[in-house]
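Working notes, beginning with the structure itself.
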Amino acid sequence: MDLLTEIAILVLAAFVGFEVISKVPNTLHTPLMSGTNAIHGIVVLGGLLLIGPAHGFLNDLLLVIAIAFGTINVVGGFLVTDRMLGMFKGRKPDPELEPGARGEAGDERSEAG
Amino acid sequence: MSRHDVVQLLYIVAFSLFIAGLHMLRGPRTAVRGNQIAAVGMGVAVVATLITRGVGDWILIVVGVAIGTAVGIPAARGVKMTQMPQMVALFNGVGGGAVALISIVEFRVTGGDLELQSLIPILFAAIIGSISFWGSIVAFLKLEERLKGRFAIPKVVNGVLLGVAVVLAVIIAAGSDSQLLFWLILVSAGALGLLAVLPIGGADMPVVISTLNAFTGLSAAAAGVALDNTALIVAGMLVGASGSILTKQMAEAMNRSIGNVFFGGLGAGGPALPGGGETGGTVRSTSAADVAIQLSYARLVVVVPGYGMAVAQAQRAVADLATELEKRGVEVLYGIHPVAGRMPGHMNVLLAEADVPYEKLKEMDDINPEFARTDVALVIGANDVTNPAARTVADSPIYGMPILDVDKAGSVIVLKRSMNSGFAGIDNPLFYEPKTAMLFGDAKGSVGEVLAEVQAL
């Protein structure tokens, strides 16, 4: 691919990124950061592409570390984001919370903790 | 269609899924699905790469992925929500580190014999990736409080390190194929990342983490240009855009420029507030029983949480208190300053963990008009973000910073460990106002006592 095409993609991606991210509300900024952590785990592709052509112990070692780092980002990032987003709950449809229901919720919590 | 075309097509599918996934983060209802869609996109990108011609050394690939998975899964499962800033800092770091390592291997594999259009992005990726890695490690250690104390690094040192990295990069771009020079670039950029973050205090961490997030994304995009990989370019740039937006918002919420955060630092101690001395004097201390009565008979209570709530792990106690008050017909809302805590959105995640519905978490601009009709503002472990000096005292270091107008509420209760001033070392005139009462002690303990008193009423 020629350089100018790549720069065009780069610039368009930047505009799309600004447009999409600026719609994310403050309340989701922490999951946004951990989610983007996961997405920049995409660097794992670089390690995968290079490890075939690369030879020698040092190159292999550096790339295995790079692949491990990228995988940490991908696996850890998506999982922790999922965990966090699962905690964001809206108001219950029925605002009349029964005392019993509250007690149950409390029990669940203490079990989870 | 050749295999190359299939791979390219799959990359387009992958980055489309990333964009669609991020788009769904616009609301808590759709966000879970959005994250899953982005994860599918990542799966597509990885598969596309694995079927690329020439990809091999499967044993090493499996070893790398296995190590990453073995570290990543328990980390993601076990991390406490109060520790999210550290976790994100660490994730920023490993991403930047991976980019730096990939850059040097690409340089070594080609023997430095690269066209400029690949070489320049590789050098850029190496510098930014290395800064991000070492800067993030320091941010992590500071957030974990394993690295304490104040460090003063002369600005000139950072300038010299950056200069060295850039000059070496220019020498390589001009034709040198010395690996030693490339390693030196990584070392000087790494030292720059380390020393730039070292002097930065806790309250500035939201800006630092966001900046490092942006750096990691940009370095990945640069690596994508070098490796002719569209998925890397687009994904890296999306992350770069996200980090940049957050950095800008955090800096604006503190009324400071990014340069000021990294190279200015709030004057340690600073000149004593002129206003502080005059209004100063008596602080009214109160008891849990009095607070309970005040809260129970209020119509609207606005809770203003800060880092102190996170440190004390008081989020559940706060949520339980709010539930108890709501049972008595009191409306409870939360006013959340953008830089409350140690990273963007830190307080929101903690309160979500404690089952507070997200509709009750109000952003600064939405809650400020409400303070006029607020009976009690309950400030829990927050300080500088409530300091009215930001509005009134022109020579205050935080003058101009947007704050939560808690002083407009009918009365203010501040839960605080002691009278120590906040991170910025600035006296808070709010504490001396006649309408303000202080409840001293650990936030979790204090809230628990208040809850018990409310229940006993």
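Labels used: A, B, ... for chains in the order of the structure tokens, numbers from 1 for residues in each chain, and numbers from 1 for ligands as shown.
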From stretch 121-362 of chain B, collect each residue whose DSSP state is alpha helix (DSSP H) and return the set as a JSON list (two decimals) with C-alpha atoms, in the first residue's frame.
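This is the output file states_38.json:
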[["chain", "number", "residue", "atom", "x", "y", "z"],
["B", 121, "PRO", "CA", 6.92, 5.54, 11.53],
["B", 122, "ILE", "CA", 9.04, 2.86, 13.19],
["B", 123, "LEU", "CA", 11.23, 5.45, 14.88],
["B", 124, "PHE", "CA", 8.15, 7.37, 15.96],
["B", 125, "ALA", "CA", 6.54, 4.20, 17.31],
["B", 126, "ALA", "CA", 9.73, 3.30, 19.17],
["B", 127, "ILE", "CA", 9.98, 6.68, 20.89],
["B", 128, "ILE", "CA", 6.31, 7.04, 21.81],
["B", 129, "GLY", "CA", 5.97, 3.38, 22.78],
["B", 130, "SER", "CA", 8.98, 3.56, 25.08],
["B", 131, "ILE", "CA", 7.78, 6.78, 26.72],
["B", 132, "SER", "CA", 4.39, 5.20, 27.26],
["B", 133, "PHE", "CA", 5.82, 2.00, 28.74],
["B", 134, "TRP", "CA", 8.12, 3.59, 31.32],
["B", 135, "GLY", "CA", 5.75, 6.47, 32.07],
["B", 136, "SER", "CA", 2.95, 4.00, 32.74],
["B", 137, "ILE", "CA", 5.11, 1.89, 35.02],
["B", 138, "VAL", "CA", 5.83, 4.97, 37.13],
["B", 139, "ALA", "CA", 2.15, 5.97, 37.08],
["B", 140, "PHE", "CA", 1.27, 2.46, 38.23],
["B", 141, "LEU", "CA", 3.77, 2.57, 41.10],
["B", 142, "LYS", "CA", 2.56, 5.99, 42.19],
["B", 143, "LEU", "CA", -1.10, 4.92, 42.12],
["B", 155, "LYS", "CA", 12.76, 20.58, 32.93],
["B", 156, "VAL", "CA", 16.06, 20.77, 31.10],
["B", 157, "VAL", "CA", 16.72, 17.07, 31.77],
["B", 158, "ASN", "CA", 13.50, 16.06, 30.01],
["B", 159, "GLY", "CA", 14.31, 18.42, 27.16],
["B", 160, "VAL", "CA", 17.77, 16.91, 26.74],
["B", 161, "LEU", "CA", 16.42, 13.35, 26.75],
["B", 162, "LEU", "CA", 13.84, 14.20, 24.11],
["B", 163, "GLY", "CA", 16.52, 15.98, 22.08],
["B", 164, "VAL", "CA", 18.82, 12.94, 22.26],
["B", 165, "ALA", "CA", 16.04, 10.58, 21.14],
["B", 166, "VAL", "CA", 15.10, 12.82, 18.21],
["B", 167, "VAL", "CA", 18.71, 13.40, 17.09],
["B", 168, "LEU", "CA", 19.45, 9.68, 17.18],
["B", 169, "ALA", "CA", 16.28, 9.03, 15.19],
["B", 170, "VAL", "CA", 17.36, 11.57, 12.59],
["B", 171, "ILE", "CA", 20.81, 9.89, 12.34],
["B", 172, "ILE", "CA", 19.14, 6.53, 11.69],
["B", 173, "ALA", "CA", 16.70, 8.04, 9.20],
["B", 179, "GLN", "CA", 21.36, -1.16, 16.26],
["B", 180, "LEU", "CA", 23.12, 0.44, 19.19],
["B", 181, "LEU", "CA", 21.66, 3.81, 18.23],
["B", 182, "PHE", "CA", 18.18, 2.26, 18.07],
["B", 183, "TRP", "CA", 18.58, 0.80, 21.56],
["B", 184, "LEU", "CA", 19.76, 4.20, 22.77],
["B", 185, "ILE", "CA", 16.61, 5.76, 21.35],
["B", 186, "LEU", "CA", 14.52, 3.34, 23.39],
["B", 187, "VAL", "CA", 16.61, 4.06, 26.49],
["B", 188, "SER", "CA", 16.46, 7.85, 26.23],
["B", 189, "ALA", "CA", 12.74, 7.86, 25.40],
["B", 190, "GLY", "CA", 12.14, 5.46, 28.28],
["B", 191, "ALA", "CA", 14.08, 7.68, 30.68],
["B", 192, "LEU", "CA", 12.03, 10.63, 29.46],
["B", 193, "GLY", "CA", 8.75, 8.79, 30.18],
["B", 194, "LEU", "CA", 10.00, 7.82, 33.60],
["B", 195, "LEU", "CA", 11.24, 11.25, 34.63],
["B", 196, "ALA", "CA", 8.28, 13.12, 33.15],
["B", 197, "VAL", "CA", 5.74, 11.18, 35.21],
["B", 205, "MET", "CA", -3.23, 11.34, 37.43],
["B", 206, "PRO", "CA", -6.43, 11.56, 35.31],
["B", 207, "VAL", "CA", -4.53, 13.73, 32.82],
["B", 208, "VAL", "CA", -1.43, 11.53, 32.92],
["B", 209, "ILE", "CA", -3.29, 8.26, 32.36],
["B", 210, "SER", "CA", -5.30, 9.75, 29.50],
["B", 211, "THR", "CA", -2.16, 11.10, 27.86],
["B", 212, "LEU", "CA", -0.36, 7.77, 28.11],
["B", 213, "ASN", "CA", -3.48, 6.11, 26.68],
["B", 214, "ALA", "CA", -3.31, 8.45, 23.68],
["B", 215, "PHE", "CA", 0.43, 7.80, 23.26],
["B", 216, "THR", "CA", -0.03, 4.05, 23.20],
["B", 217, "GLY", "CA", -2.73, 4.36, 20.54],
["B", 218, "LEU", "CA", -0.64, 6.68, 18.38],
["B", 219, "SER", "CA", 2.38, 4.39, 18.62],
["B", 220, "ALA", "CA", 0.23, 1.46, 17.49],
["B", 221, "ALA", "CA", -1.07, 3.50, 14.54],
["B", 222, "ALA", "CA", 2.51, 4.38, 13.56],
["B", 223, "ALA", "CA", 3.51, 0.71, 13.76],
["B", 224, "GLY", "CA", 0.53, 0.00, 11.49],
["B", 225, "VAL", "CA", 1.86, 2.42, 8.86],
["B", 226, "ALA", "CA", 5.27, 0.77, 9.04],
["B", 230, "THR", "CA", -4.87, -1.22, 8.09],
["B", 231, "ALA", "CA", -6.34, -2.86, 11.20],
["B", 232, "LEU", "CA", -3.42, -1.54, 13.26],
["B", 233, "ILE", "CA", -3.66, 1.92, 11.73],
["B", 234, "VAL", "CA", -7.38, 2.34, 12.35],
["B", 235, "ALA", "CA", -7.48, 0.70, 15.79],
["B", 236, "GLY", "CA", -4.42, 2.62, 16.96],
["B", 237, "MET", "CA", -5.87, 5.89, 15.75],
["B", 238, "LEU", "CA", -9.22, 5.24, 17.45],
["B", 239, "VAL", "CA", -7.38, 4.75, 20.73],
["B", 240, "GLY", "CA", -5.25, 7.79, 20.04],
["B", 241, "ALA", "CA", -8.37, 9.88, 19.46],
["B", 242, "SER", "CA", -10.01, 8.56, 22.61],
["B", 243, "GLY", "CA", -6.98, 9.28, 24.77],
["B", 244, "SER", "CA", -6.63, 12.75, 23.28],
["B", 245, "ILE", "CA", -10.26, 13.66, 23.93],
["B", 246, "LEU", "CA", -10.04, 12.46, 27.53],
["B", 247, "THR", "CA", -6.77, 14.32, 28.06],
["B", 248, "LYS", "CA", -8.32, 17.52, 26.79],
["B", 249, "GLN", "CA", -11.43, 17.12, 28.93],
["B", 250, "MET", "CA", -9.44, 16.36, 32.07],
["B", 251, "ALA", "CA", -7.11, 19.29, 31.54],
["B", 252, "GLU", "CA", -10.08, 21.60, 30.96],
["B", 253, "ALA", "CA", -11.77, 20.32, 34.11],
["B", 258, "ILE", "CA", -1.31, 19.70, 29.44],
["B", 259, "GLY", "CA", 2.13, 21.26, 29.45],
["B", 274, "PRO", "CA", -5.23, 35.51, 51.09],
["B", 275, "GLY", "CA", -8.92, 34.66, 51.37],
["B", 276, "GLY", "CA", -8.16, 31.58, 53.40],
["B", 277, "GLY", "CA", -6.56, 33.53, 56.19],
["B", 278, "GLU", "CA", -9.39, 36.01, 56.45],
["B", 279, "THR", "CA", -12.30, 33.62, 56.34],
["B", 288, "ALA", "CA", -22.95, 11.51, 63.19],
["B", 289, "ALA", "CA", -26.26, 11.92, 65.05],
["B", 290, "ASP", "CA", -26.63, 15.54, 63.93],
["B", 291, "VAL", "CA", -25.75, 14.64, 60.35],
["B", 292, "ALA", "CA", -28.34, 11.86, 60.41],
["B", 293, "ILE", "CA", -31.06, 14.26, 61.53],
["B", 294, "GLN", "CA", -30.14, 16.85, 58.92],
["B", 295, "LEU", "CA", -30.12, 14.27, 56.13],
["B", 296, "SER", "CA", -33.34, 12.57, 57.18],
["B", 307, "TYR", "CA", -10.75, 10.22, 46.04],
["B", 308, "GLY", "CA", -11.22, 9.92, 49.81],
["B", 309, "MET", "CA", -14.28, 7.74, 49.19],
["B", 310, "ALA", "CA", -12.22, 5.40, 47.02],
["B", 311, "VAL", "CA", -9.36, 5.22, 49.51],
["B", 315, "GLN", "CA", -18.88, 3.38, 48.12],
["B", 316, "ARG", "CA", -21.16, 0.62, 49.44],
["B", 317, "ALA", "CA", -21.69, 2.39, 52.74],
["B", 318, "VAL", "CA", -22.60, 5.55, 50.82],
["B", 319, "ALA", "CA", -25.04, 3.67, 48.60],
["B", 320, "ASP", "CA", -26.63, 2.01, 51.64],
["B", 321, "LEU", "CA", -27.03, 5.37, 53.33],
["B", 322, "ALA", "CA", -28.67, 6.76, 50.17],
["B", 323, "THR", "CA", -31.06, 3.79, 50.02],
["B", 324, "GLU", "CA", -32.00, 4.34, 53.65],
["B", 325, "LEU", "CA", -32.65, 8.03, 53.01],
["B", 326, "GLU", "CA", -34.70, 7.29, 49.91],
["B", 327, "LYS", "CA", -36.86, 4.98, 51.98],
["B", 346, "HIS", "CA", -13.41, 6.60, 38.51],
["B", 347, "MET", "CA", -16.24, 7.60, 40.87],
["B", 348, "ASN", "CA", -18.94, 6.41, 38.46],
["B", 349, "VAL", "CA", -17.50, 2.91, 38.34],
["B", 350, "LEU", "CA", -17.23, 2.70, 42.12],
["B", 351, "LEU", "CA", -20.82, 3.81, 42.60],
["B", 352, "ALA", "CA", -22.03, 1.50, 39.83],
["B", 353, "GLU", "CA", -20.30, -1.32, 41.68]]
Rank nothing, just name the residue among B:Gly112, B:Pro199, B:Pro357, B:Gly78 nearest to chain A, using only C-alpha atoms. B:Pro357
Can you tell me, as a compact mmCIF listing (two decimals) with N, CA and C atoms, in the first residue's frame, what residues are no more than 8 Å from stretch 75-82 of chain A when counting only C-alpha atoms, ignoring any on the same chain fewer than 2 positions away?
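Output contents, as saved in around_34.txt:
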# COMPACT_ATOMS: atom_id res chain seq x y z
N PRO A 31 -14.70 2.60 31.77
CA PRO A 31 -14.80 1.48 30.81
C PRO A 31 -14.28 1.85 29.42
N LEU A 32 -14.45 3.10 29.03
CA LEU A 32 -13.92 3.51 27.72
C LEU A 32 -12.40 3.32 27.70
N SER A 34 -10.55 1.30 29.59
CA SER A 34 -10.14 -0.10 29.61
C SER A 34 -10.50 -0.77 28.28
N GLY A 35 -11.60 -0.33 27.66
CA GLY A 35 -11.97 -0.86 26.35
C GLY A 35 -10.95 -0.47 25.29
N THR A 36 -10.48 0.77 25.33
CA THR A 36 -9.46 1.16 24.35
C THR A 36 -8.13 0.47 24.67
N ASN A 37 -7.88 0.19 25.94
CA ASN A 37 -6.73 -0.65 26.29
C ASN A 37 -6.79 -1.96 25.51
N ALA A 38 -7.98 -2.57 25.52
CA ALA A 38 -8.14 -3.84 24.82
C ALA A 38 -7.90 -3.66 23.32
N ILE A 39 -8.43 -2.56 22.77
CA ILE A 39 -8.31 -2.37 21.32
C ILE A 39 -6.85 -2.11 20.93
N THR A 71 -1.43 -9.73 24.13
CA THR A 71 -2.51 -10.63 24.56
C THR A 71 -3.07 -10.21 25.92
N ILE A 72 -2.18 -9.76 26.80
CA ILE A 72 -2.65 -9.25 28.11
C ILE A 72 -3.66 -8.13 27.87
N ASN A 73 -3.30 -7.21 26.97
CA ASN A 73 -4.18 -6.10 26.65
C ASN A 73 -5.53 -6.59 26.15
N MET A 84 -16.90 -4.51 34.30
CA MET A 84 -17.26 -3.19 34.78
C MET A 84 -18.62 -2.75 34.23
N LEU A 85 -18.80 -2.94 32.92
CA LEU A 85 -20.06 -2.49 32.30
C LEU A 85 -21.25 -3.25 32.87
N GLY A 86 -21.02 -4.49 33.29
CA GLY A 86 -22.10 -5.28 33.89
C GLY A 86 -22.62 -4.66 35.17
N VAL B 32 -22.43 -2.85 27.00
CA VAL B 32 -21.94 -4.22 27.18
C VAL B 32 -21.83 -4.90 25.82
N ASN B 35 -18.89 -3.59 23.74
CA ASN B 35 -17.60 -4.18 24.11
C ASN B 35 -17.45 -5.56 23.49
N GLN B 36 -18.55 -6.32 23.49
CA GLN B 36 -18.49 -7.66 22.90
C GLN B 36 -18.24 -7.59 21.39
N ALA B 39 -14.72 -6.97 20.78
CA ALA B 39 -13.94 -8.19 21.02
C ALA B 39 -14.02 -9.14 19.84
N GLY B 68 0.30 -14.41 27.91
CA GLY B 68 -0.57 -13.24 28.00
C GLY B 68 -1.93 -13.57 28.58
N THR B 69 -2.47 -14.73 28.16
CA THR B 69 -3.77 -15.13 28.68
C THR B 69 -3.69 -15.47 30.16
N GLY B 72 -3.45 -12.15 31.89
CA GLY B 72 -4.57 -11.23 31.67
C GLY B 72 -5.86 -11.64 32.35
N ILE B 73 -6.20 -12.93 32.28
CA ILE B 73 -7.51 -13.34 32.82
C ILE B 73 -7.60 -13.15 34.33
N ALA B 75 -5.89 -11.22 36.20
CA ALA B 75 -5.80 -9.78 36.50
C ALA B 75 -7.16 -9.12 36.31
N ALA B 76 -7.82 -9.43 35.19
CA ALA B 76 -9.11 -8.80 34.89
C ALA B 76 -10.19 -9.27 35.86
N ARG B 77 -10.12 -10.53 36.28
CA ARG B 77 -11.14 -11.06 37.18
C ARG B 77 -10.96 -10.54 38.59
N PHE B 91 -2.06 -1.49 31.75
CA PHE B 91 -2.44 -1.91 30.40
C PHE B 91 -1.90 -0.93 29.36
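Taking only C-alpha atoms into account, chain A lies nearest to B:Asp57 out of the set B:Asp57, B:Asp204, B:Asp5, B:Asp395.
You will find atom CA of A:Leu62 at 8.8 Å from atom CA of B:Ala98.
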Which residues come within 10 Å of A:Gly56, counting only C-alpha atoms, excluding same-chain residues fewer than 4 positions away, as a PDB file with N, CA and C atoms, in the first residue's frame?
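Below you can see part.pdb, which holds the result:
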ATOM      1  N   ASP A  60      13.358 -13.512  18.702  1.00  0.00           N
ATOM      2  CA  ASP A  60      12.246 -14.360  19.136  1.00  0.00           C
ATOM      3  C   ASP A  60      11.794 -13.984  20.544  1.00  0.00           C
ATOM      4  N   LEU A  61      12.767 -13.772  21.415  1.00  0.00           N
ATOM      5  CA  LEU A  61      12.434 -13.440  22.799  1.00  0.00           C
ATOM      6  C   LEU A  61      11.625 -12.142  22.859  1.00  0.00           C
TER       7      LEU A  61
ATOM      8  N   VAL B 109      15.395  -7.072  11.968  1.00  0.00           N
ATOM      9  CA  VAL B 109      15.128  -8.048  10.909  1.00  0.00           C
ATOM     10  C   VAL B 109      15.552  -7.503   9.551  1.00  0.00           C
TER      11      VAL B 109
END
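Atom to atom, atom CA of B:Pro397 and atom CA of B:Ile367 stand 24.4 Å apart.
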Measuring atom to atom with only C-alpha atoms, identify which of B:Val406, B:Val7, B:Val13, B:Leu378 is nearest to B:Val450. B:Leu378
Give me the residues within 8 Å of A:Gly70 as a PDB file with N, CA and C atoms, in the first residue's frame, counting only C-alpha atoms and dropping any in the same chain fewer than 3 places off.
ATOM      1  N   HIS A  40      -6.098  -1.394  21.772  1.00  0.00           N
ATOM      2  CA  HIS A  40      -4.703  -1.219  21.341  1.00  0.00           C
ATOM      3  C   HIS A  40      -3.878  -2.485  21.552  1.00  0.00           C
ATOM      4  N   GLY A  41      -4.505  -3.507  22.152  1.00  0.00           N
ATOM      5  CA  GLY A  41      -3.891  -4.838  22.119  1.00  0.00           C
ATOM      6  C   GLY A  41      -3.735  -5.356  20.697  1.00  0.00           C
ATOM      7  N   ILE A  42      -4.334  -4.635  19.732  1.00  0.00           N
ATOM      8  CA  ILE A  42      -4.180  -4.961  18.308  1.00  0.00           C
ATOM      9  C   ILE A  42      -2.693  -5.039  17.916  1.00  0.00           C
ATOM     10  N   VAL A  43      -1.814  -4.428  18.708  1.00  0.00           N
ATOM     11  CA  VAL A  43      -0.377  -4.508  18.390  1.00  0.00           C
ATOM     12  C   VAL A  43       0.101  -5.954  18.375  1.00  0.00           C
ATOM     13  N   VAL A  44      -0.684  -6.852  18.980  1.00  0.00           N
ATOM     14  CA  VAL A  44      -0.315  -8.267  18.923  1.00  0.00           C
ATOM     15  C   VAL A  44      -0.153  -8.712  17.466  1.00  0.00           C
ATOM     16  N   ALA A  66       6.409  -9.312  23.254  1.00  0.00           N
ATOM     17  CA  ALA A  66       5.453  -8.388  22.629  1.00  0.00           C
ATOM     18  C   ALA A  66       4.093  -9.063  22.455  1.00  0.00           C
ATOM     19  N   ILE A  67       4.110 -10.325  22.007  1.00  0.00           N
ATOM     20  CA  ILE A  67       2.836 -11.041  21.822  1.00  0.00           C
ATOM     21  C   ILE A  67       2.142 -11.234  23.170  1.00  0.00           C
ATOM     22  N   ASN A  73      -3.297  -7.212  26.973  1.00  0.00           N
ATOM     23  CA  ASN A  73      -4.182  -6.096  26.652  1.00  0.00           C
ATOM     24  C   ASN A  73      -5.527  -6.588  26.151  1.00  0.00           C
ATOM     25  N   VAL A  74      -5.482  -7.494  25.172  1.00  0.00           N
ATOM     26  CA  VAL A  74      -6.723  -7.939  24.531  1.00  0.00           C
ATOM     27  C   VAL A  74      -7.598  -8.693  25.532  1.00  0.00           C
TER      28      VAL A  74
ATOM     29  N   GLY B  68       0.303 -14.409  27.911  1.00  0.00           N
ATOM     30  CA  GLY B  68      -0.565 -13.237  27.995  1.00  0.00           C
ATOM     31  C   GLY B  68      -1.928 -13.574  28.584  1.00  0.00           C
ATOM     32  N   VAL B  94       1.874  -1.946  28.963  1.00  0.00           N
ATOM     33  CA  VAL B  94       2.232  -3.126  28.188  1.00  0.00           C
ATOM     34  C   VAL B  94       1.946  -2.905  26.698  1.00  0.00           C
ATOM     35  N   GLY B  95       0.903  -2.134  26.388  1.00  0.00           N
ATOM     36  CA  GLY B  95       0.633  -1.826  24.975  1.00  0.00           C
ATOM     37  C   GLY B  95       1.791  -1.044  24.366  1.00  0.00           C
ATOM     38  N   ALA B  98       4.850  -3.274  23.995  1.00  0.00           N
ATOM     39  CA  ALA B  98       4.760  -4.178  22.843  1.00  0.00           C
ATOM     40  C   ALA B  98       5.144  -3.441  21.564  1.00  0.00           C
TER      41      ALA B  98
END
For A:Ile9, which of B:Gly202, B:Phe262, B:Asn229, B:Leu9 is the closest residue, counting only C-alpha atoms? B:Asn229
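Between A:Asn26 and the candidates B:Pro402, B:Gly345, B:Gly381, B:Pro28, the tightest atom-to-atom separation, counting only C-alpha atoms, involves B:Gly345.
Within 12 Å of B:Lys360, once only C-alpha atoms are used and residues closer than 3 positions along the same chain are dropped, the contacting residues are Thr27, Phe88, Lys89, Gly90 and Arg91 of chain A; Val301, Val302, Val303, Val304, Ala319, Ala322, Glu331, Val332, Leu333, Tyr334, Gly335, Ile336, Asn348, Leu351, Ala352, Asp355, Val356, Pro357, Glu363, Asp366 and Ile367 of chain B.
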